[in-house]
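Chemist: To be precise about what I am sending: the file is called model.txt and holds compact mmCIF, C-alpha atoms and all ligand atoms.
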# COMPACT_ATOMS: atom_id res chain seq x y z
CA MET D 187 -74.97 16.44 49.92
CA TRP D 188 -71.44 16.81 48.60
CA PRO D 189 -72.03 15.94 44.97
CA HIS D 190 -74.80 18.55 44.77
CA SER D 191 -72.91 21.45 46.27
CA PRO D 192 -71.35 23.92 43.83
CA LEU D 193 -67.94 23.41 45.36
CA GLY D 194 -68.31 19.66 45.01
CA GLY D 195 -69.16 20.09 41.35
CA ILE D 196 -66.10 22.24 40.81
CA ALA D 197 -63.95 19.69 42.61
CA VAL D 198 -65.29 16.89 40.39
CA LEU D 199 -64.72 19.03 37.29
CA ALA D 200 -61.18 19.87 38.38
CA LEU D 201 -60.44 16.25 39.14
CA SER D 202 -61.79 15.03 35.84
CA HIS D 203 -59.72 17.63 33.99
CA ALA D 204 -56.66 16.59 35.95
CA LEU D 205 -57.31 12.97 35.03
CA ILE D 206 -57.24 13.92 31.34
CA LEU D 207 -54.47 16.52 31.53
CA TYR D 208 -52.02 14.45 33.54
CA PRO D 209 -51.67 11.59 31.04
CA THR D 210 -51.89 14.07 28.16
CA LEU D 211 -49.06 16.31 29.31
CA ARG D 212 -46.85 13.65 30.89
CA PRO D 213 -45.38 12.03 27.78
CA ASN D 214 -44.77 8.48 28.96
CA VAL D 215 -47.85 8.02 31.17
CA GLN D 216 -49.77 4.95 30.02
CA TRP D 217 -53.33 5.72 31.17
CA LEU D 218 -54.68 6.47 27.71
CA GLY D 219 -53.05 3.46 26.03
CA ASP D 220 -49.64 1.93 25.52
CA VAL D 221 -46.68 4.26 25.12
CA ILE D 222 -43.55 2.37 24.08
CA THR D 223 -40.78 3.30 26.50
CA HIS D 224 -38.17 0.58 25.85
CA PHE D 225 -37.56 -2.65 23.94
CA ASP D 226 -36.81 -6.18 24.94
CA THR D 227 -33.23 -7.35 24.34
CA PRO D 228 -30.74 -9.60 26.12
CA ARG D 229 -27.84 -7.58 24.67
CA LYS D 230 -26.35 -4.16 25.34
CA GLU D 231 -28.37 -2.48 22.62
CA VAL D 232 -30.18 0.86 22.46
CA TRP D 233 -32.44 2.54 19.90
CA LEU D 234 -31.50 6.02 18.72
CA THR D 235 -34.51 8.05 17.55
CA ILE D 236 -34.16 11.49 15.99
CA ASP D 237 -37.09 13.88 15.77
CA ASP D 238 -38.05 16.90 13.64
CA GLY D 239 -36.32 16.22 10.32
CA PRO D 240 -35.54 16.06 7.56
CA THR D 241 -33.51 19.23 8.02
CA ASP D 242 -30.41 20.72 6.38
CA ASP D 243 -28.05 18.78 8.62
CA THR D 244 -29.43 15.39 7.51
CA ARG D 245 -26.51 14.46 5.23
CA ALA D 246 -23.94 15.45 7.87
CA LEU D 247 -25.78 13.26 10.38
CA LEU D 248 -25.91 10.35 7.95
CA ASP D 249 -22.16 10.64 7.25
CA SER D 250 -21.42 10.75 10.96
CA PHE D 251 -23.64 7.73 11.66
CA ALA D 252 -21.97 5.77 8.85
CA ALA D 253 -18.53 6.54 10.27
CA ARG D 254 -19.70 5.34 13.69
CA GLY D 255 -21.66 2.27 12.57
CA VAL D 256 -24.93 3.65 13.93
CA LYS D 257 -28.43 2.75 12.72
CA ALA D 258 -31.25 5.04 13.82
CA THR D 259 -34.92 5.84 13.25
CA PHE D 260 -35.88 9.31 12.03
CA PHE D 261 -39.28 10.55 13.21
CA VAL D 262 -39.95 13.08 10.47
CA LYS D 263 -42.51 15.81 9.84
CA GLY D 264 -44.71 15.07 6.82
CA THR D 265 -44.44 18.58 5.39
CA LEU D 266 -40.63 18.55 5.52
CA ALA D 267 -40.48 15.01 4.13
CA SER D 268 -42.54 16.09 1.11
CA GLN D 269 -40.25 19.09 0.54
CA HIS D 270 -37.06 17.03 0.89
CA ARG D 271 -37.97 13.59 -0.30
CA GLU D 272 -34.36 12.99 -1.43
CA LEU D 273 -33.25 13.24 2.20
CA VAL D 274 -35.84 10.68 3.29
CA GLU D 275 -34.74 8.38 0.48
CA GLU D 276 -31.14 8.77 1.62
CA MET D 277 -32.04 7.90 5.23
CA LEU D 278 -33.49 4.61 3.98
CA ALA D 279 -30.73 3.94 1.47
CA ARG D 280 -28.18 4.18 4.27
CA GLY D 281 -29.93 1.61 6.44
CA HIS D 282 -32.00 3.76 8.76
CA SER D 283 -35.76 3.75 9.18
CA VAL D 284 -38.30 6.55 9.04
CA ALA D 285 -41.44 7.03 11.11
CA ASN D 286 -44.27 9.49 11.65
CA HIS D 287 -43.82 12.66 13.73
CA SER D 288 -47.07 14.28 12.44
CA GLU D 289 -47.76 16.29 9.31
CA THR D 290 -47.20 19.86 10.57
CA HIS D 291 -45.88 19.34 14.13
CA PRO D 292 -48.37 21.60 15.96
CA ALA D 293 -46.30 21.58 19.14
CA GLY D 294 -48.49 24.01 21.05
CA SER D 295 -51.88 22.58 20.16
CA PHE D 296 -51.60 18.89 19.29
CA TRP D 297 -52.42 17.85 22.85
CA CYS D 298 -55.73 19.75 22.80
CA SER D 299 -56.69 18.99 19.19
CA PRO D 300 -60.02 17.34 18.34
CA PRO D 301 -60.21 13.85 16.78
CA ALA D 302 -60.37 15.00 13.15
CA ARG D 303 -57.25 17.14 13.48
CA ILE D 304 -55.35 14.38 15.28
CA ALA D 305 -56.30 11.97 12.50
CA ASN D 306 -55.26 14.47 9.81
CA GLU D 307 -51.87 15.02 11.42
CA ILE D 308 -51.20 11.28 11.55
CA GLU D 309 -52.68 10.51 8.15
CA GLY D 310 -50.93 13.41 6.38
CA CYS D 311 -47.48 12.23 7.43
CA ASN D 312 -48.36 8.62 6.63
CA ARG D 313 -49.39 9.66 3.12
CA ALA D 314 -46.22 11.70 2.60
CA LEU D 315 -43.99 8.82 3.69
CA ALA D 316 -45.96 6.20 1.76
CA GLU D 317 -45.55 8.26 -1.40
CA ILE D 318 -41.78 8.55 -0.92
CA THR D 319 -40.96 5.12 0.47
CA GLY D 320 -43.80 2.91 -0.79
CA ALA D 321 -44.52 1.81 2.79
CA THR D 322 -46.78 3.20 5.50
CA PRO D 323 -44.99 3.79 8.82
CA ARG D 324 -45.93 1.69 11.85
CA TRP D 325 -44.64 4.09 14.48
CA PHE D 326 -45.79 7.52 15.61
CA ARG D 327 -44.24 9.97 18.01
CA ALA D 328 -46.47 12.84 19.07
CA PRO D 329 -45.17 16.42 18.80
CA VAL D 330 -43.34 17.16 22.09
CA GLY D 331 -44.56 13.76 23.27
CA MET D 332 -48.02 14.94 24.26
CA LYS D 333 -51.08 12.90 23.42
CA ASN D 334 -54.76 13.16 24.28
CA PRO D 335 -57.57 10.57 24.41
CA PHE D 336 -58.00 10.77 20.61
CA VAL D 337 -54.48 9.73 19.68
CA HIS D 338 -54.55 6.04 20.55
CA PRO D 339 -57.83 5.30 18.72
CA ALA D 340 -56.49 7.08 15.62
CA LEU D 341 -53.30 5.03 15.78
CA ALA D 342 -55.11 1.76 16.46
CA ARG D 343 -57.28 2.24 13.37
CA ARG D 344 -54.07 2.44 11.34
CA GLY D 345 -52.25 -0.41 13.06
CA MET D 346 -49.71 2.02 14.50
CA ARG D 347 -47.97 2.30 17.87
CA LEU D 348 -47.10 5.34 19.95
CA ILE D 349 -43.37 5.56 20.61
CA GLY D 350 -42.11 7.35 23.71
CA TRP D 351 -38.58 7.10 25.09
CA THR D 352 -36.39 6.01 27.95
CA ALA D 353 -34.03 8.98 27.87
CA ARG D 354 -34.36 12.51 26.57
CA ALA D 355 -32.19 15.56 27.03
CA PHE D 356 -34.51 18.51 26.32
CA ASP D 357 -32.04 19.24 23.50
CA ALA D 358 -34.53 21.59 21.88
CA VAL D 359 -33.72 23.92 24.78
CA VAL D 360 -30.39 22.68 26.15
CA SER D 361 -27.57 23.24 23.64
CA ASP D 362 -24.40 22.08 25.39
CA PRO D 363 -23.36 18.61 24.12
CA GLU D 364 -21.81 17.75 27.50
CA GLU D 365 -25.00 18.61 29.35
CA ILE D 366 -27.08 16.71 26.81
CA ALA D 367 -24.90 13.61 27.22
CA ALA D 368 -25.08 13.99 31.00
CA ARG D 369 -28.89 13.86 30.80
CA ILE D 370 -28.94 10.75 28.58
CA LEU D 371 -26.21 8.55 30.05
CA PRO D 372 -27.69 7.91 33.53
CA ARG D 373 -30.71 6.28 31.84
CA LEU D 374 -28.65 4.02 29.61
CA ARG D 375 -29.58 0.34 29.86
CA PRO D 376 -30.26 -2.54 27.45
CA GLY D 377 -33.38 -1.73 25.44
CA ALA D 378 -33.32 2.00 26.13
CA ILE D 379 -34.90 4.37 23.62
CA ILE D 380 -32.93 7.61 23.24
CA VAL D 381 -34.61 10.64 21.69
CA LEU D 382 -32.63 13.56 20.30
CA HIS D 383 -33.42 16.20 17.69
CA GLN D 384 -31.93 17.39 14.42
CA GLY D 385 -31.95 20.77 12.74
CA ARG D 386 -30.16 22.86 15.34
CA ALA D 387 -26.54 24.06 15.38
CA HIS D 388 -25.75 21.82 18.33
CA SER D 389 -27.59 18.74 16.98
CA LEU D 390 -24.64 17.06 15.24
CA PRO D 391 -22.03 17.65 18.00
CA SER D 392 -24.57 16.55 20.62
CA LEU D 393 -25.45 13.37 18.73
CA GLU D 394 -21.78 12.56 18.25
CA ARG D 395 -21.03 13.18 21.92
CA VAL D 396 -23.89 10.87 22.99
CA ILE D 397 -23.06 8.18 20.43
CA ASP D 398 -19.37 8.07 21.38
CA ALA D 399 -20.18 7.91 25.10
CA VAL D 400 -22.73 5.12 24.54
CA HIS D 401 -20.20 3.16 22.48
CA GLU D 402 -17.57 3.64 25.20
CA ARG D 403 -19.95 1.90 27.58
CA GLY D 404 -20.15 -1.12 25.30
CA TYR D 405 -23.57 -0.53 23.72
CA ALA D 406 -24.58 -0.90 20.07
CA PHE D 407 -27.28 1.10 18.25
CA VAL D 408 -29.99 -1.03 16.66
CA ILE D 409 -33.49 -0.59 15.26
CA PRO D 410 -35.78 -3.02 17.14
CA ASP D 411 -38.52 -5.15 15.62
CA ASP D 412 -42.15 -4.45 16.49
CA ALA D 413 -42.23 -7.62 18.60
CA GLN D 414 -39.48 -6.26 20.88
CA LEU D 415 -41.32 -3.03 21.77
CA ARG D 416 -42.57 -2.67 25.35
CA ALA D 417 -44.77 -0.14 27.09
ZN ZN X 1 -40.77 17.20 17.52
Would you mind writing the structure in this file as structure tokens?
Ligand SMILES: [Zn+2]
Modeler:
Amino acid sequence: MWPHSPLGGIAVLALSHALILYPTLRPNVQWLGDVITHFDTPRKEVWLTIDDGPTDDTRALLDSFAARGVKATFFVKGTLASQHRELVEEMLARGHSVANHSETHPAGSFWCSPPARIANEIEGCNRALAEITGATPRWFRAPVGMKNPFVHPALARRGMRLIGWTARAFDAVVSDPEEIAARILPRLRPGAIIVLHQGRAHSLPSLERVIDAVHERGYAFVIPDDAQLRA
């Protein structure tokens, strides 16, 4: 009787929505496909990833990273990359890598976007970066980390992988460098992926605070190979 009762139908509907929404809204949940959350290394190494650029503070970040011997990966927005291709070129020239953080960064709607829009967001940024760098990125990070059932198929068709993180600090909202470092450091371990953002007044001091604290603990910043990535 239960499956035919109206309440049973609502329960099934609610459950099925929950089964889609949970892995969509929980960034590192793996139900819809692999989300890279760390990398394999025998050494005290971590991967610094920086989202939302290229922004006006890019050169200051690059100078600071050079002074500290840090290599990082910038997950950039396609629209900004096209507007500031010289900043993307400088990221690469100074030994960093660039990856795809969508074309327009629709933070509020990416998670509920239909397949064609998901594909356009991924493809648009790929095209922008390919035009600037001559190479198509292999890595994608979804806006605010949310993905839906259409993201993995779109990535798989392009030979790309979805990159999550080990440690984040909600530094789009939190602005105190000490608090940001305090959110990152407890999750520090070999192979950790750290995500922070650029483009805000506190971005550079926060990055420097985290980098110096990570160095004090004996870790180096590296960019892993594809083969080292783990879900
Ligand atoms: Zn972002």
Chemist: Which residues are near ligand ZN 1 (chain X) in this structure, taking near to mean any atom at most 6 Å from a ligand atom and counting all atoms listed in the file? Format them as a list in words.
Modeler: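 The neighbouring residues of ligand ZN 1 (chain X) are, in order, Asp237, Asp238, Pro329 and Val330 of chain D.
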Chemist: Filtering to C-alpha atoms, could you give me those residues as a tab-separated table (two decimals), in the frame of the given file?
Modeler:
chain	number	residue	atom	x	y	z
D	237	ASP	CA	-37.09	13.88	15.77
D	238	ASP	CA	-38.05	16.90	13.64
D	329	PRO	CA	-45.17	16.42	18.80
D	330	VAL	CA	-43.34	17.16	22.09
Chemist: Given all atoms listed in the file as the basis, pick out the residue of D:Cys311, D:Pro292, D:His282, D:Ala368 nearest to Lys333 of chain D.
Modeler: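 For Lys333 of chain D, the nearest of the given residues is D:Pro292.
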Chemist: For Trp233 of chain D, which residue among D:Arg386, D:Arg303, D:Lys257, D:His291 is the nearest when counting only C-alpha atoms?
Modeler: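 For Trp233 of chain D, the nearest of the candidates is D:Lys257.
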Chemist: Looking at D:Arg212, D:Arg313, D:Arg327, D:His224, which one is nearest to Phe260 of chain D, with distances taken over all atoms listed in the file?
Modeler: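 Selected residue with least distance to Phe260 of chain D: D:Arg327.
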Chemist: Find the residues around segment 343-359 of chain D up to 8 Å (all atoms listed in the file counted), leave out those fewer than 4 positions away in its own chain, and share them as a PyMOL selection string.
Modeler: chain D and resi 213-214+220-224+323-328+331+338-339+366-367+369-370+373-374+378-383+386+389
Chemist: Looking at D:Glu272, D:Ala413, D:Ala406, D:Pro300, which one is nearest to Glu231 of chain D, with distances taken over all atoms listed in the file?
Modeler: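 Ranked by minimum distance to Glu231 of chain D, first place goes to D:Ala406.
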